[in-house]
Each structure stands twice: as structure tokens, then as C-alpha cells.
$ cat query13.txt   # compact mmCIF, C-alpha atoms and all ligand atoms
# COMPACT_ATOMS: atom_id res chain seq x y z
CA MET A 1 -25.14 -72.08 51.35
CA SER A 2 -23.25 -72.32 54.63
CA THR A 3 -21.95 -69.18 56.29
CA THR A 4 -19.98 -70.94 59.07
CA THR A 5 -17.13 -68.74 60.17
CA ALA A 6 -13.71 -70.25 59.49
CA PHE A 7 -11.51 -67.98 61.58
CA PRO A 8 -9.86 -67.79 64.07
CA LEU A 9 -7.22 -70.08 62.65
CA ALA A 10 -7.55 -73.68 63.65
CA PHE A 11 -3.80 -74.10 63.45
CA ASP A 12 -0.71 -72.65 61.94
CA THR A 13 1.81 -75.18 60.73
CA THR A 14 4.43 -72.74 59.59
CA PRO A 15 7.96 -73.81 60.38
CA SER A 16 10.43 -70.91 60.39
CA SER A 17 12.37 -72.76 57.67
CA ALA A 18 9.51 -71.90 55.32
CA ARG A 19 10.91 -68.39 55.03
CA ARG A 20 13.34 -67.52 52.29
CA ALA A 21 16.59 -65.84 53.19
CA GLU A 22 16.53 -62.07 53.51
CA ALA A 23 19.02 -61.60 50.66
CA GLU A 24 16.85 -63.60 48.28
CA ARG A 25 13.76 -61.67 49.29
CA GLU A 26 15.48 -58.32 48.91
CA ALA A 27 16.73 -59.27 45.43
CA ILE A 28 13.16 -60.10 44.40
CA LEU A 29 11.74 -56.93 45.95
CA ALA A 30 14.30 -54.81 44.10
CA ASP A 31 12.74 -55.84 40.79
CA PRO A 32 9.50 -57.71 41.41
CA GLY A 33 7.91 -57.50 37.94
CA PHE A 34 4.28 -58.65 38.01
CA GLY A 35 3.04 -62.04 39.17
CA LYS A 36 6.40 -63.81 38.94
CA HIS A 37 7.37 -64.27 42.57
CA PHE A 38 5.34 -65.45 45.53
CA THR A 39 5.69 -64.89 49.25
CA ASP A 40 6.54 -67.53 51.84
CA HIS A 41 2.99 -68.35 52.91
CA MET A 42 -0.57 -68.87 51.74
CA VAL A 43 -3.98 -69.17 53.39
CA THR A 44 -6.32 -72.07 52.75
CA ILE A 45 -9.92 -72.45 53.92
CA PRO A 46 -11.74 -75.63 52.94
CA TRP A 47 -15.49 -75.81 52.51
CA SER A 48 -17.73 -78.83 52.38
CA ALA A 49 -21.48 -79.10 52.01
CA GLN A 50 -21.58 -80.81 55.42
CA GLN A 51 -19.22 -78.57 57.41
CA GLY A 52 -19.35 -75.21 55.66
CA TRP A 53 -16.14 -73.17 55.89
CA HIS A 54 -13.78 -74.68 58.44
CA ASP A 55 -10.16 -75.12 59.54
CA ALA A 56 -8.64 -71.98 58.09
CA VAL A 57 -4.88 -72.32 57.96
CA VAL A 58 -1.85 -70.20 57.17
CA LYS A 59 0.81 -72.50 55.79
CA PRO A 60 4.00 -72.42 53.76
CA TYR A 61 3.45 -71.52 50.10
CA GLY A 62 3.55 -74.66 48.01
CA PRO A 63 1.82 -76.93 45.49
CA LEU A 64 -1.80 -77.94 45.95
CA GLN A 65 -2.76 -81.54 46.10
CA LEU A 66 -5.72 -82.08 43.81
CA ASP A 67 -7.46 -85.25 42.78
CA PRO A 68 -7.28 -85.62 38.97
CA ALA A 69 -11.09 -85.78 39.01
CA ALA A 70 -11.42 -82.45 40.86
CA SER A 71 -14.23 -80.66 39.10
CA VAL A 72 -12.30 -77.42 38.65
CA LEU A 73 -10.01 -79.31 36.25
CA HIS A 74 -12.93 -80.43 34.11
CA TYR A 75 -15.69 -77.86 34.39
CA ALA A 76 -13.74 -74.74 35.40
CA GLN A 77 -15.72 -73.99 38.55
CA GLU A 78 -13.28 -71.31 39.70
CA ILE A 79 -13.37 -67.66 40.75
CA PHE A 80 -10.73 -65.22 41.89
CA GLU A 81 -9.97 -61.71 43.07
CA GLY A 82 -7.11 -59.25 42.77
CA LEU A 83 -6.25 -56.53 45.27
CA LYS A 84 -3.14 -54.86 46.61
CA ALA A 85 -1.51 -54.09 49.94
CA TYR A 86 0.45 -50.82 49.97
CA ARG A 87 3.37 -49.80 52.19
CA TRP A 88 2.99 -46.26 53.52
CA ALA A 89 5.93 -43.98 54.29
CA ASP A 90 5.59 -44.72 58.04
CA GLY A 91 5.97 -48.47 57.38
CA SER A 92 2.32 -49.38 57.93
CA VAL A 93 0.54 -51.61 55.40
CA TRP A 94 -2.94 -50.94 54.00
CA ALA A 95 -5.37 -52.60 51.61
CA PHE A 96 -7.57 -50.68 49.20
CA ARG A 97 -11.31 -51.44 49.52
CA PRO A 98 -10.88 -55.15 50.39
CA GLU A 99 -14.55 -55.28 51.43
CA ALA A 100 -15.46 -54.58 47.80
CA ASN A 101 -13.36 -57.56 46.69
CA ALA A 102 -15.07 -59.74 49.30
CA GLU A 103 -18.47 -58.71 47.95
CA ARG A 104 -17.47 -59.25 44.34
CA LEU A 105 -16.14 -62.71 45.20
CA GLN A 106 -19.57 -63.46 46.65
CA ARG A 107 -21.26 -62.28 43.45
CA SER A 108 -18.88 -64.40 41.37
CA ALA A 109 -19.57 -67.36 43.68
CA ARG A 110 -23.29 -67.06 43.07
CA ARG A 111 -22.80 -67.07 39.30
CA LEU A 112 -20.47 -70.07 39.41
CA SER A 113 -22.54 -72.02 41.98
CA LEU A 114 -19.74 -71.86 44.52
CA PRO A 115 -20.28 -71.22 48.25
CA GLU A 116 -20.12 -67.62 49.43
CA LEU A 117 -17.23 -66.85 51.76
CA PRO A 118 -18.34 -64.48 54.55
CA GLU A 119 -16.74 -61.05 54.22
CA ALA A 120 -15.19 -61.35 57.72
CA ASP A 121 -13.36 -64.54 56.70
CA PHE A 122 -12.15 -62.98 53.46
CA LEU A 123 -10.75 -60.01 55.39
CA SER A 124 -9.22 -62.27 58.04
CA ALA A 125 -7.49 -64.33 55.37
CA ILE A 126 -5.96 -61.19 53.85
CA GLU A 127 -4.93 -59.85 57.25
CA HIS A 128 -3.32 -63.11 58.35
CA LEU A 129 -1.36 -63.51 55.14
CA VAL A 130 -0.12 -59.93 55.02
CA LYS A 131 0.83 -60.06 58.69
CA ILE A 132 2.94 -63.19 58.38
CA ASP A 133 4.50 -62.05 55.07
CA GLN A 134 4.72 -58.34 55.84
CA GLU A 135 8.40 -58.22 54.91
CA TRP A 136 7.27 -58.98 51.36
CA VAL A 137 5.39 -55.70 51.01
CA PRO A 138 7.81 -53.68 48.90
CA THR A 139 8.78 -50.10 49.73
CA ALA A 140 9.81 -48.62 46.36
CA PRO A 141 7.43 -46.12 44.70
CA GLU A 142 4.56 -47.68 42.72
CA THR A 143 5.20 -51.15 44.15
CA SER A 144 2.79 -53.18 46.26
CA LEU A 145 1.94 -56.68 47.40
CA TYR A 146 -0.61 -58.10 44.95
CA LEU A 147 -3.04 -60.45 46.69
CA ARG A 148 -4.74 -63.19 44.75
CA PRO A 149 -7.64 -64.87 46.57
CA PHE A 150 -9.21 -67.71 44.60
CA MET A 151 -11.73 -70.48 45.04
CA ILE A 152 -11.78 -73.83 43.29
CA ALA A 153 -14.09 -76.84 43.16
CA SER A 154 -11.91 -79.59 44.58
CA GLU A 155 -14.44 -82.41 44.90
CA ALA A 156 -13.48 -85.48 42.85
CA PHE A 157 -16.63 -86.09 40.88
CA LEU A 158 -17.22 -86.18 37.15
CA GLY A 159 -20.93 -85.52 37.07
CA VAL A 160 -21.79 -81.97 36.09
CA ARG A 161 -23.17 -80.32 39.21
CA PRO A 162 -21.92 -77.82 41.80
CA ALA A 163 -19.06 -79.33 43.80
CA GLN A 164 -19.69 -80.35 47.41
CA GLY A 165 -16.04 -79.78 48.25
CA VAL A 166 -14.34 -76.45 47.59
CA ASP A 167 -11.15 -74.70 48.66
CA PHE A 168 -10.47 -71.01 49.07
CA HIS A 169 -6.84 -69.92 48.95
CA VAL A 170 -4.96 -66.65 49.08
CA ILE A 171 -1.49 -66.21 47.66
CA ALA A 172 0.55 -63.02 47.46
CA SER A 173 3.05 -61.67 44.98
CA PRO A 174 5.21 -58.55 45.23
CA ALA A 175 4.39 -56.33 42.27
CA GLY A 176 5.83 -53.51 40.23
CA ALA A 177 4.17 -52.04 37.14
CA TYR A 178 1.86 -54.38 35.19
CA PHE A 179 2.98 -52.98 31.85
CA PRO A 180 6.72 -53.02 31.25
CA GLY A 181 6.51 -49.39 30.05
CA GLY A 182 5.15 -48.31 33.46
CA ILE A 183 2.71 -45.45 32.89
CA GLU A 184 3.58 -44.92 29.23
CA PRO A 185 0.41 -44.85 27.10
CA VAL A 186 -0.55 -48.30 25.85
CA SER A 187 -1.79 -49.42 22.43
CA ILE A 188 -5.06 -51.36 22.24
CA TRP A 189 -6.05 -53.89 19.59
CA LEU A 190 -9.73 -54.11 18.66
CA SER A 191 -10.84 -57.74 18.61
CA GLU A 192 -13.29 -58.04 15.72
CA ASP A 193 -13.50 -61.84 15.60
CA TRP A 194 -13.71 -62.78 19.26
CA SER A 195 -15.88 -61.82 22.19
CA ARG A 196 -15.18 -62.06 25.88
CA ALA A 197 -18.74 -62.45 27.14
CA GLY A 198 -22.33 -62.61 26.01
CA ARG A 199 -25.69 -61.68 27.45
CA GLY A 200 -26.52 -64.06 30.29
CA GLY A 201 -22.94 -65.37 30.32
CA MET A 202 -20.21 -64.94 32.91
CA GLY A 203 -18.79 -61.57 31.87
CA ALA A 204 -19.57 -59.92 35.20
CA ALA A 205 -17.95 -62.72 37.21
CA LYS A 206 -14.25 -62.87 37.88
CA THR A 207 -13.74 -66.41 36.73
CA GLY A 208 -10.80 -68.04 34.99
CA GLY A 209 -12.81 -69.00 31.90
CA ASN A 210 -13.18 -65.34 30.92
CA TYR A 211 -9.41 -65.01 30.92
CA ALA A 212 -8.93 -68.25 28.99
CA ALA A 213 -11.27 -66.80 26.35
CA SER A 214 -9.16 -63.64 26.19
CA LEU A 215 -5.83 -65.35 25.51
CA LEU A 216 -6.22 -65.91 21.77
CA PRO A 217 -7.39 -62.34 21.05
CA GLN A 218 -4.70 -61.09 23.43
CA ALA A 219 -2.09 -63.00 21.39
CA GLU A 220 -3.42 -61.22 18.29
CA ALA A 221 -3.00 -57.92 20.11
CA TYR A 222 0.66 -58.70 20.79
CA GLU A 223 1.15 -59.66 17.13
CA GLN A 224 -0.23 -56.26 16.23
CA GLY A 225 2.21 -54.52 18.55
CA CYS A 226 -0.49 -53.75 21.14
CA GLN A 227 -0.41 -54.45 24.87
CA GLN A 228 -4.12 -55.11 25.44
CA VAL A 229 -7.15 -56.31 23.57
CA LEU A 230 -10.49 -54.45 23.46
CA PHE A 231 -13.71 -56.44 23.35
CA LEU A 232 -17.02 -55.36 21.84
CA ASP A 233 -20.42 -56.78 22.70
CA SER A 234 -20.96 -60.20 21.17
CA GLU A 235 -24.35 -59.54 19.54
CA GLU A 236 -23.95 -56.33 17.56
CA ARG A 237 -20.18 -55.98 17.71
CA THR A 238 -20.80 -52.31 18.17
CA TRP A 239 -20.57 -51.50 21.85
CA VAL A 240 -17.29 -51.10 23.69
CA GLU A 241 -17.09 -53.45 26.67
CA GLU A 242 -13.66 -53.66 28.30
CA LEU A 243 -10.09 -54.81 27.84
CA GLY A 244 -8.78 -58.28 28.63
CA GLY A 245 -8.00 -57.23 32.21
CA MET A 246 -9.16 -53.62 32.64
CA ASN A 247 -12.13 -51.27 32.35
CA VAL A 248 -12.06 -48.25 30.02
CA PHE A 249 -12.95 -44.56 30.29
CA PHE A 250 -13.26 -41.74 27.74
CA VAL A 251 -12.84 -38.05 28.50
CA TYR A 252 -14.60 -35.38 26.43
CA ARG A 253 -13.29 -31.90 25.77
CA ASP A 254 -16.11 -30.43 27.86
CA GLY A 255 -15.09 -32.51 30.88
CA ARG A 256 -17.74 -35.21 30.55
CA ILE A 257 -16.55 -38.75 31.14
CA VAL A 258 -18.07 -41.89 29.64
CA THR A 259 -17.54 -45.49 30.66
CA PRO A 260 -19.39 -48.59 29.40
CA ALA A 261 -22.39 -49.58 31.52
CA LEU A 262 -22.32 -52.70 33.68
CA GLY A 263 -23.89 -55.93 32.47
CA THR A 264 -21.46 -58.16 30.64
CA ILE A 265 -18.30 -56.48 31.98
CA LEU A 266 -16.45 -56.89 35.25
CA GLU A 267 -17.52 -54.30 37.82
CA GLY A 268 -14.04 -52.97 38.51
CA ILE A 269 -13.29 -51.59 41.95
CA THR A 270 -10.92 -49.14 40.33
CA ARG A 271 -13.74 -48.24 37.92
CA SER A 272 -16.15 -47.40 40.71
CA SER A 273 -13.42 -45.47 42.58
CA VAL A 274 -12.57 -43.43 39.47
CA ILE A 275 -16.26 -42.60 39.00
CA ARG A 276 -16.43 -41.32 42.60
CA LEU A 277 -13.23 -39.27 42.31
CA ALA A 278 -14.27 -37.75 38.99
CA GLU A 279 -17.77 -36.88 40.22
CA GLN A 280 -16.31 -35.22 43.28
CA ARG A 281 -14.31 -32.99 40.99
CA GLY A 282 -17.52 -31.98 39.26
CA HIS A 283 -17.23 -34.14 36.14
CA GLY A 284 -20.43 -35.65 34.84
CA VAL A 285 -19.81 -39.40 34.53
CA GLU A 286 -22.07 -41.31 32.14
CA GLU A 287 -22.27 -45.09 32.51
CA ARG A 288 -23.90 -46.06 29.25
CA ARG A 289 -23.56 -47.88 25.97
CA PHE A 290 -20.68 -46.40 24.03
CA SER A 291 -20.02 -47.50 20.46
CA ILE A 292 -16.69 -48.01 18.79
CA ALA A 293 -17.85 -45.49 16.13
CA GLU A 294 -18.40 -42.92 18.85
CA TRP A 295 -14.84 -43.42 20.03
CA ARG A 296 -13.43 -43.14 16.54
CA GLU A 297 -15.50 -40.10 15.56
CA GLY A 298 -14.93 -38.46 18.93
CA VAL A 299 -11.17 -38.67 18.57
CA GLU A 300 -11.23 -37.60 14.93
CA SER A 301 -13.40 -34.57 15.67
CA GLY A 302 -11.40 -33.61 18.75
CA GLU A 303 -14.39 -34.14 21.07
CA ILE A 304 -12.74 -37.03 22.91
CA VAL A 305 -9.45 -35.85 24.33
CA GLU A 306 -8.34 -38.74 26.57
CA ALA A 307 -8.91 -42.45 27.01
CA PHE A 308 -7.61 -44.61 29.81
CA ALA A 309 -7.71 -48.14 31.14
CA CYS A 310 -8.02 -48.98 34.82
CA GLY A 311 -7.79 -51.96 37.11
CA THR A 312 -5.96 -53.15 40.19
CA ALA A 313 -2.97 -54.43 38.27
CA ALA A 314 -2.90 -51.59 35.71
CA VAL A 315 -3.93 -48.80 38.15
CA ILE A 316 -4.84 -46.03 35.66
CA THR A 317 -3.00 -46.34 32.36
CA PRO A 318 -3.39 -43.90 29.48
CA ILE A 319 -4.50 -45.36 26.14
CA GLY A 320 -2.38 -43.83 23.38
CA ARG A 321 -3.69 -45.66 20.34
CA LEU A 322 -6.52 -47.90 19.19
CA LYS A 323 -5.66 -50.18 16.31
CA ALA A 324 -8.33 -52.02 14.31
CA ARG A 325 -8.20 -54.06 11.13
CA ASP A 326 -8.97 -51.08 8.91
CA PHE A 327 -8.47 -47.98 10.99
CA GLU A 328 -6.25 -46.58 13.68
CA ILE A 329 -6.68 -43.65 16.04
CA GLY A 330 -4.17 -41.93 18.30
CA ALA A 331 -0.47 -42.70 18.34
CA PRO A 332 1.75 -45.03 20.38
CA ASP A 333 3.81 -42.05 21.55
CA ALA A 334 0.78 -39.89 22.45
CA GLU A 335 1.15 -37.72 25.53
CA PRO A 336 -0.73 -39.08 28.57
CA GLY A 337 -3.92 -37.07 29.18
CA ALA A 338 -3.87 -34.47 31.95
CA LEU A 339 -7.06 -35.70 33.66
CA THR A 340 -5.90 -39.31 33.35
CA MET A 341 -2.66 -38.51 35.14
CA SER A 342 -4.27 -36.34 37.76
CA LEU A 343 -6.86 -39.02 38.62
CA ARG A 344 -4.03 -41.49 38.77
CA ASP A 345 -2.11 -39.24 41.17
CA GLU A 346 -5.14 -38.84 43.40
CA LEU A 347 -5.95 -42.55 43.45
CA THR A 348 -2.39 -43.67 44.09
CA GLY A 349 -2.05 -40.82 46.61
CA ILE A 350 -4.92 -42.32 48.61
CA GLN A 351 -3.54 -45.85 48.23
CA TYR A 352 -0.06 -44.90 49.45
CA GLY A 353 -1.32 -42.60 52.21
CA ARG A 354 -0.11 -39.36 50.59
CA VAL A 355 -3.62 -38.01 50.05
CA GLU A 356 -6.31 -38.01 52.70
CA ASP A 357 -8.83 -40.83 52.30
CA HIS A 358 -12.22 -39.14 52.60
CA HIS A 359 -14.04 -42.26 51.45
CA GLY A 360 -13.01 -44.80 54.07
CA TRP A 361 -11.40 -46.88 51.32
CA MET A 362 -8.16 -47.83 53.08
CA ARG A 363 -8.06 -50.64 55.64
CA ARG A 364 -5.02 -51.07 57.85
CA LEU A 365 -3.71 -54.64 57.82
N1 LIG A 401 -12.00 -55.97 33.84
C1 LIG A 401 -11.32 -57.12 33.85
C2 LIG A 401 -11.63 -58.12 32.81
C3 LIG A 401 -10.35 -57.36 34.85
O1 LIG A 401 -9.65 -58.49 34.86
C4 LIG A 401 -10.08 -56.37 35.80
C5 LIG A 401 -9.07 -56.58 36.84
O2 LIG A 401 -9.32 -57.08 37.86
C6 LIG A 401 -10.84 -55.19 35.77
C7 LIG A 401 -11.78 -55.03 34.77
C8 LIG A 401 -10.65 -54.13 36.79
O3 LIG A 401 -11.14 -54.52 38.05
P1 LIG A 401 -10.53 -53.99 39.39
O4 LIG A 401 -10.48 -52.50 39.24
O5 LIG A 401 -11.47 -54.41 40.44
O6 LIG A 401 -9.19 -54.56 39.51
C1 LIG A 402 -6.28 -57.39 38.34
O1 LIG A 402 -6.11 -56.24 37.95
O2 LIG A 402 -6.29 -57.65 39.54
C2 LIG A 402 -6.54 -58.50 37.44
O3 LIG A 402 -6.97 -59.50 37.85
C3 LIG A 402 -6.26 -58.35 36.03
C4 LIG A 402 -5.12 -59.14 35.48
C5 LIG A 402 -4.77 -58.46 34.19
C6 LIG A 402 -3.93 -59.27 36.35

$ encode --input "query13.txt" --output "C-alpha cells" --more "lines below"
Ligand code: PLP
Ligand code: COI
Amino acid sequence: MSTTTAFPLAFDTTPSSARRAEAEREAILADPGFGKHFTDHMVTIPWSAQQGWHDAVVKPYGPLQLDPAASVLHYAQEIFEGLKAYRWADGSVWAFRPEANAERLQRSARRLSLPELPEADFLSAIEHLVKIDQEWVPTAPETSLYLRPFMIASEAFLGVRPAQGVDFHVIASPAGAYFPGGIEPVSIWLSEDWSRAGRGGMGAAKTGGNYAASLLPQAEAYEQGCQQVLFLDSEERTWVEELGGMNVFFVYRDGRIVTPALGTILEGITRSSVIRLAEQRGHGVEERRFSIAEWREGVESGEIVEAFACGTAAVITPIGRLKARDFEIGAPDAEPGALTMSLRDELTGIQYGRVEDHHGWMRRL
């Protein structure tokens, strides 16, 4: 598909009146929550089969105009990304591994028959938005500007085929902790009735349908007093896959670390970063099939000493308890694991510029 370059910006229609008053912005930044408030601007880049990517624009944040027949509304041809911009102590603003998000968006695009956005355009979109809305990057500890790039099939056409008209957008939202308890250990509910993905399905793509499928089991998790839902493989209902919005890791007493192998799960950028950090510390990291029985028996025998979830929104969050229909391991008030917290400190240290970035992960915006 077309790789026309969309930047530099064709035009910028932003009137200064598009900006909210400083007092309103500061009130939001003082307590941003997660995903509730949006900045003053957004980026849009249209694509058509004839023109490729063209006419990139930074414009005031606001509703999209979509034809009711737009194929995203009917056949869910949609993909998205999630990444954060961090404010360093010297005031500068940095993104964590945005190139990896650009690549993953391309992989998702291939799975969903959407056009691939060139990495340079993805990065330009992020840079333009963060530059114009830089006052929205919060300064308080553990806060950031969450960036949400997404791509939708906007062509009005009811036949089932890849859309010939597509739009890529980026919006931004100041963010505090994803879980209201901050870095308190979370409780996980084991979904025994529902799956997130199957072999040959869309599990490895970051597409809205996967999240729609997770909402019912996630509601069950809340009913059970748990913050996240854990999915098993759909065929044998044996193998641990991932949570509704995070990857999972298990730490053994001897220092080994296990995380479910790729295939039907999302290839988390936090996941791959954690693997690198842990290996550099000398931990053996096994990416392999890991059964729910292995988790249960490992905790009961004392072999598994820590479990944690990770993702852009959740960073690294200790798992305190796993609750299933007929068993439960751990406790909601379990102490966070030492390795979990130290990996978290190292990762957030790199992201906020407190720890040297030996990996070339941070990109100044
Ligand atoms: N798995 C799912 C289903 C997710 O939604 C996310 C979050 O994006 C992750 C894993 C973690 O991915 P990343 O670390 O790239 O944010
Ligand atoms: C992210 O971590 O970026 C996600 O998309 C997951 C979602 C739970 C917010």
C-alpha cells in the first residue's frame, strides 16, 4: 500500500481560541486521572487508495465527522496505539520507544487490512502534537501525557472489503495512575468462560475488537472485586495469555522469570523492555507456554515469589492475588515483590530521565 509521506504539515488551522484557559488546564493537571481529559489539539492524516497519506493537519481537538456508512462503524476496521510523553526535571519532554509503537501500528495495520503509516509520519504526528500541547505534559511524579494514535476505516461503503478511505488521528490525554490504588498490588480474576483471542485471530493486533471482547469478562472481574481479568488460551483453557490491557510476568525464587510466549497476545513494548532490563541484571527470562496450574502450584510451593502486570498505562503493577471460580492464591494486601518494584524503579527512572538510558529508548520531542 502507499507510503507517500504526509508531513510536513499542509496547513495548521489552529486559532488561539482553541486553547483552554490556564486555570482550567492547571486544575485538570492537578488530578488528571486516566483517559478523562484531552488536550487542546489533535493530529489527523487522511489516506486514500488514490492519494496515499496526504494533508497532515494539527487542528483543535473536537468531534469527528463520519458518514453513518463508514466501514469502521460496521466492520470494526480500527487499530490503535498507546504511548506516553514524560516531563523531565529540566522541563524537557521525551517519548519512550515511539518507534516501537510505529512498528506495531504497522503490524496491526497488516492484520486489519489497513494502510501502513510510515514510521517518520507517525513520529512527526507525535512530535507536532506534543509540541503544540506541551503545556499539557504534567509535572507531578508518576504523571505523563498519554498519547493515543488510532486509525479508522472512514470510507462510506457497506460491502465487506478493505476501506479505500482511512483516517489516522492522534489525541492526547494527561494521565496519572491507571489503577486508582496507584502501585498497590492488584487482584486478578481468571476468566474461565471467555477468551480474548484464538489461533489465527487478532490477538497480536492492537485493535478495538479485542477490547470489546474483554469488557464482559472485565465486568465479571469487577463483580469479583478484582481490577483486571486474566485470559487463558481459547483451545485448551490451560495456558496463561495476558490481562485485558497488560502482559504478565512471574518471578521464581531462583531468579528465573517467565512470561507467556508471543502468538495470540499483544507484543507489549513494556514487556520487551522488562525482558531486556531483567536479562541485563543476569536473570534468565523464559518466553514460553506457562499454565495456570504452574502458577497455582508455583505459588503454593513457594517457587513463584512474585507476579506482575505491565503495560504503558499500568507501567509495572504487582499482582497480589489471583481469584478463580474454585481457588484463590495470594492476598489483596500482599506486599509488592522486591524485583517487581526495582524493575519498576529502573524503567520509570529511564522514562523520567533519572536513570541513564543505555538502550536509546528515549526520544526527545
Ligand atoms: N496487552 C494488552 C491487551 C494491552 O492492551 C497492552 C497495553 O497496551 C499491553 C499488553 C501492553 O503493551 P504496551 O507495553 O506496549 O503498552
Ligand atoms: C495501554 O497501556 O496503552 C493500553 O492501551 C491499555 C489500556 C488498558 C489503556

$ closest_atom_pairs --input "query13.txt" --of "chain A" --to "ligand LIG 402 (chain A)" --cutoff "7 Å" --atoms "all atoms listed in the file" --output "Markdown table"
| residue | atom | partner | partner_atom | distance |
| --- | --- | --- | --- | --- |
| A:Glu81 | CA | A:LIG402 | O3 | 6.4 |
| A:Gly82 | CA | A:LIG402 | O2 | 3.7 |
| A:Leu83 | CA | A:LIG402 | O2 | 5.8 |
| A:Gly244 | CA | A:LIG402 | C5 | 6.9 |
| A:Gly245 | CA | A:LIG402 | C5 | 4.0 |
| A:Met246 | CA | A:LIG402 | C3 | 6.5 |
| A:Gly311 | CA | A:LIG402 | O1 | 4.7 |
| A:Thr312 | CA | A:LIG402 | O1 | 3.8 |
| A:Ala313 | CA | A:LIG402 | O1 | 3.6 |
| A:Ala314 | CA | A:LIG402 | O1 | 6.1 |

$ residues_near_point --input "query13.txt" --point "(-13.5, -79.9, 40.6)" --cutoff "9 Å" --atoms "only C-alpha atoms" --output "PyMOL selection string"
chain A and resi 66-78+152-158+162-163+165-166

$ residues_near_ligand --input "query13.txt" --ligand "ligand LIG 401 (chain A)" --cutoff "9 Å" --atoms "only C-alpha atoms and all ligand atoms" --output "MDAnalysis selection string"
chainID A and resid 81:83 100:101 104 196 203:206 210:211 214 242:248 265:273 309:315

$ atom_distance --input "query13.txt" --atom1 "atom CA of Leu123 of chain A" --atom2 "atom CA of Val58 of chain A"
13.6 Å

$ residues_around --input "query13.txt" --residues "segment 295-306 of chain A" --least-positions-apart "5" --cutoff "12 Å" --atoms "all atoms listed in the file" --output "MDAnalysis selection string"
chainID A and resid 185 190 238:240 248:260 289:290 317:324 326:331 334:341

$ residues_around --input "query13.txt" --residues "Tyr352 of chain A" --least-positions-apart "4" --cutoff "10 Å" --atoms "all atoms listed in the file" --output "PyMOL selection string"
chain A and resi 85-89+92-96+141-144+346-348+356+362

$ atom_distance --input "query13.txt" --atom1 "atom CA of Leu64 of chain A" --atom2 "atom CA of Leu216 of chain A"
27.4 Å

$ atom_distance --input "query13.txt" --atom1 "atom CA of Pro115 of chain A" --atom2 "atom CA of Phe168 of chain A"
9.8 Å

$ residues_around --input "query13.txt" --residues "Val229 of chain A" --least-positions-apart "3" --cutoff "8 Å" --atoms "only C-alpha atoms" --output "list in words"
Ile188, Trp189, Leu190, Ser191, Pro217, Gln218, Ala221, Cys226, Leu243 and Gly244 of chain A

$ closest_residue --input "query13.txt" --among "A:Lys131, A:Arg325, A:His283, A:His41" --to "Ala18 of chain A" --atoms "all atoms listed in the file"
A:His41

$ residues_around --input "query13.txt" --residues "Phe179 of chain A" --least-positions-apart "3" --cutoff "9 Å" --atoms "all atoms listed in the file" --output "ChimeraX atom specification"
/A:34,176,182-184,186,227,313-314,317

$ write_last_selection --input "query13.txt" --atoms "C-alpha atoms" --output "PDB file, keeping the file's coordinate frame"
ATOM      1  CA  PHE A  34       4.280 -58.650  38.010  1.00  0.00           C
ATOM      2  CA  GLY A 176       5.830 -53.510  40.230  1.00  0.00           C
ATOM      3  CA  GLY A 182       5.150 -48.310  33.460  1.00  0.00           C
ATOM      4  CA  ILE A 183       2.710 -45.450  32.890  1.00  0.00           C
ATOM      5  CA  GLU A 184       3.580 -44.920  29.230  1.00  0.00           C
ATOM      6  CA  VAL A 186      -0.550 -48.300  25.850  1.00  0.00           C
ATOM      7  CA  GLN A 227      -0.410 -54.450  24.870  1.00  0.00           C
ATOM      8  CA  ALA A 313      -2.970 -54.430  38.270  1.00  0.00           C
ATOM      9  CA  ALA A 314      -2.900 -51.590  35.710  1.00  0.00           C
ATOM     10  CA  THR A 317      -3.000 -46.340  32.360  1.00  0.00           C
TER      11      THR A 317
END

$ closest_residue --input "query13.txt" --among "A:Phe80, A:Phe38, A:Tyr222, A:Trp47" --to "Thr207 of chain A" --atoms "only C-alpha atoms"
A:Phe80
